[in-house]
Structures are given as structure tokens and as C-alpha cells.
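Engineer: My structure is below; once you've seen it, I'll send some questions.
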Amino acid sequence: MDIATVSGIMSEATRIALYISAPILMAGLIAGLVVSIFQATTQIQELTLSFIPKIIAVIIVLIILGPWMLNQIVTYTIKLYQSIPGLIG
């Protein structure tokens, strides 16, 4: 295995990780922004108020996009395992 092969495998793994984590991070970001705007307008400074909507948003995204995320990971893993004989020889 040369450096280009390892680099290609790592870049593909990084791309898959970013694709999978992006929806979850965006849901948490949007929920946090909405809660922050709500807290700023109502002047409620309760710390626990920001966590519950973020957790709910992340759970909803995981329920909706979970099968797609699992499919991406499984597809990448199968492709990687199938390429092992070619990488060794």
C-alpha cells in the first residue's frame, strides 16, 4: 500500500464522517439559535432551556435520517472490506 492509497481511504472516510455528522450538527445549531433568540427577546436566562430543544432536534434528525446514515456507513465499510485483497496484493 502506498501513500496515495492510504490518503484516498482517509479522505473518503473523512467525507463520509462529515456527510453523516452535518445534519445532526445543523439541527443542533438551528435549535440553539432559535432558543437563543427566544431567550434574548423574553430575557429568560435559564440554562437548561437551551439543552432540551437541542436534544429533541437531534433525536428527530436521527429518527428521520438514521437509516440513510447507517446505509452510508455500511456501504463504505463493505466497499472498504471488499477492496482489502486488492490493497494487500
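A note on labels: chains of the C-alpha cells are A, B, ... as shown, every chain counts residues from 1, and ligands are counted from 1 in their shown order.
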Mind checking which residues fall within 10 Å of Val35 of chain A, counting only C-alpha atoms, ignoring those fewer than 6 positions away in the same chain, and posting them as a ChimeraX atom specification?
Structural biologist: /A:29,41,49-54
Engineer: Could those selected residues go to a file with N, CA and C atoms, as a PDB file, in the first residue's frame?
Structural biologist:
ATOM      1  N   LEU A  29     -27.447  23.354  15.780  1.00  0.00           N
ATOM      2  CA  LEU A  29     -27.140  24.772  15.583  1.00  0.00           C
ATOM      3  C   LEU A  29     -28.408  25.598  15.406  1.00  0.00           C
ATOM      4  N   THR A  41     -35.162  37.709  23.459  1.00  0.00           N
ATOM      5  CA  THR A  41     -36.361  38.554  23.371  1.00  0.00           C
ATOM      6  C   THR A  41     -37.184  38.522  24.649  1.00  0.00           C
ATOM      7  N   LEU A  49     -32.952  25.550  29.554  1.00  0.00           N
ATOM      8  CA  LEU A  49     -33.875  25.776  28.450  1.00  0.00           C
ATOM      9  C   LEU A  49     -33.211  25.551  27.096  1.00  0.00           C
ATOM     10  N   SER A  50     -31.922  25.749  27.003  1.00  0.00           N
ATOM     11  CA  SER A  50     -31.244  25.588  25.719  1.00  0.00           C
ATOM     12  C   SER A  50     -30.936  24.129  25.392  1.00  0.00           C
ATOM     13  N   PHE A  51     -30.855  23.258  26.382  1.00  0.00           N
ATOM     14  CA  PHE A  51     -30.468  21.872  26.131  1.00  0.00           C
ATOM     15  C   PHE A  51     -31.612  21.010  25.607  1.00  0.00           C
ATOM     16  N   ILE A  52     -32.799  21.181  26.141  1.00  0.00           N
ATOM     17  CA  ILE A  52     -33.922  20.322  25.772  1.00  0.00           C
ATOM     18  C   ILE A  52     -34.279  20.449  24.286  1.00  0.00           C
ATOM     19  N   PRO A  53     -34.426  21.650  23.727  1.00  0.00           N
ATOM     20  CA  PRO A  53     -34.734  21.735  22.287  1.00  0.00           C
ATOM     21  C   PRO A  53     -33.624  21.162  21.402  1.00  0.00           C
ATOM     22  N   LYS A  54     -32.375  21.335  21.807  1.00  0.00           N
ATOM     23  CA  LYS A  54     -31.275  20.759  21.033  1.00  0.00           C
ATOM     24  C   LYS A  54     -31.342  19.242  21.036  1.00  0.00           C
TER      25      LYS A  54
END
Engineer: Which residues come within 10 Å of Gly28 of chain A, counting only C-alpha atoms, excluding same-chain residues fewer than 5 positions away, as an mmCIF file with C-alpha atoms, in the first residue's frame?
Structural biologist:
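New file part_23.cif:
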data_model
loop_
_atom_site.group_PDB
_atom_site.id
_atom_site.type_symbol
_atom_site.label_atom_id
_atom_site.label_comp_id
_atom_site.auth_asym_id
_atom_site.auth_seq_id
_atom_site.Cartn_x
_atom_site.Cartn_y
_atom_site.Cartn_z
ATOM 1 C CA ALA A 22 -23.555 17.577 9.168
ATOM 2 C CA PRO A 23 -27.347 17.112 9.556
ATOM 3 C CA LEU A 33 -30.071 29.762 17.507
ATOM 4 C CA VAL A 34 -33.863 29.724 17.842
ATOM 5 C CA PHE A 51 -30.468 21.872 26.131
ATOM 6 C CA PRO A 53 -34.734 21.735 22.287
ATOM 7 C CA LYS A 54 -31.275 20.759 21.033
ATOM 8 C CA ILE A 55 -31.677 17.208 22.282
ATOM 9 C CA ILE A 56 -35.154 16.949 20.751
ATOM 10 C CA ALA A 57 -33.916 18.329 17.408
ATOM 11 C CA VAL A 58 -31.006 15.881 17.323
ATOM 12 C CA ILE A 59 -33.280 12.940 18.187
ATOM 13 C CA VAL A 61 -32.915 14.176 12.887
#
Engineer: Between A:Trp68, A:Leu62, A:Leu47, A:Thr42, which is the closest to Ala27 of chain A once you count only C-alpha atoms?
Structural biologist: A:Leu62
Engineer: Can you work out the spacing between atom CA of Val6 of chain A and atom CA of Ser83 of chain A in Å, to one decimal?
Structural biologist: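 Calculated distance between atom CA of Val6 of chain A and atom CA of Ser83 of chain A is 12.2 Å.
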Engineer: Determine the nearest neighbour of Tyr76 of chain A from the options A:Ile64, A:Ile3, A:Ala17, A:Met26, counting only C-alpha atoms.
Structural biologist: A:Ala17
Engineer: So, with only C-alpha atoms as the atoms that count, which of A:Ile37, A:Met69, A:Ile60, A:Ala4 lies closest to Ile20 of chain A?
Structural biologist: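 So, comparing all the options, the nearest one is A:Met69.
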Engineer: What gap, in Å, lies between atom CA of Ser21 of chain A and atom CA of Ala40 of chain A?
Structural biologist: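 Between atom CA of Ser21 of chain A and atom CA of Ala40 of chain A the gap works out to 28.3 Å.
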Engineer: Identify which of the residues A:Ile88, A:Thr48, A:Arg15, A:Asn71 lies closest to Gly32 of chain A, counting only C-alpha atoms when measuring atom-to-atom distances.
Structural biologist: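 Of A:Ile88, A:Thr48, A:Arg15, A:Asn71, the one nearest Gly32 of chain A is A:Thr48, counting only C-alpha atoms.
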Engineer: Work out how far apart atom CA of Met10 of chain A and atom CA of Leu80 of chain A are and give it in Å to one decimal.
Structural biologist: 10.9 Å
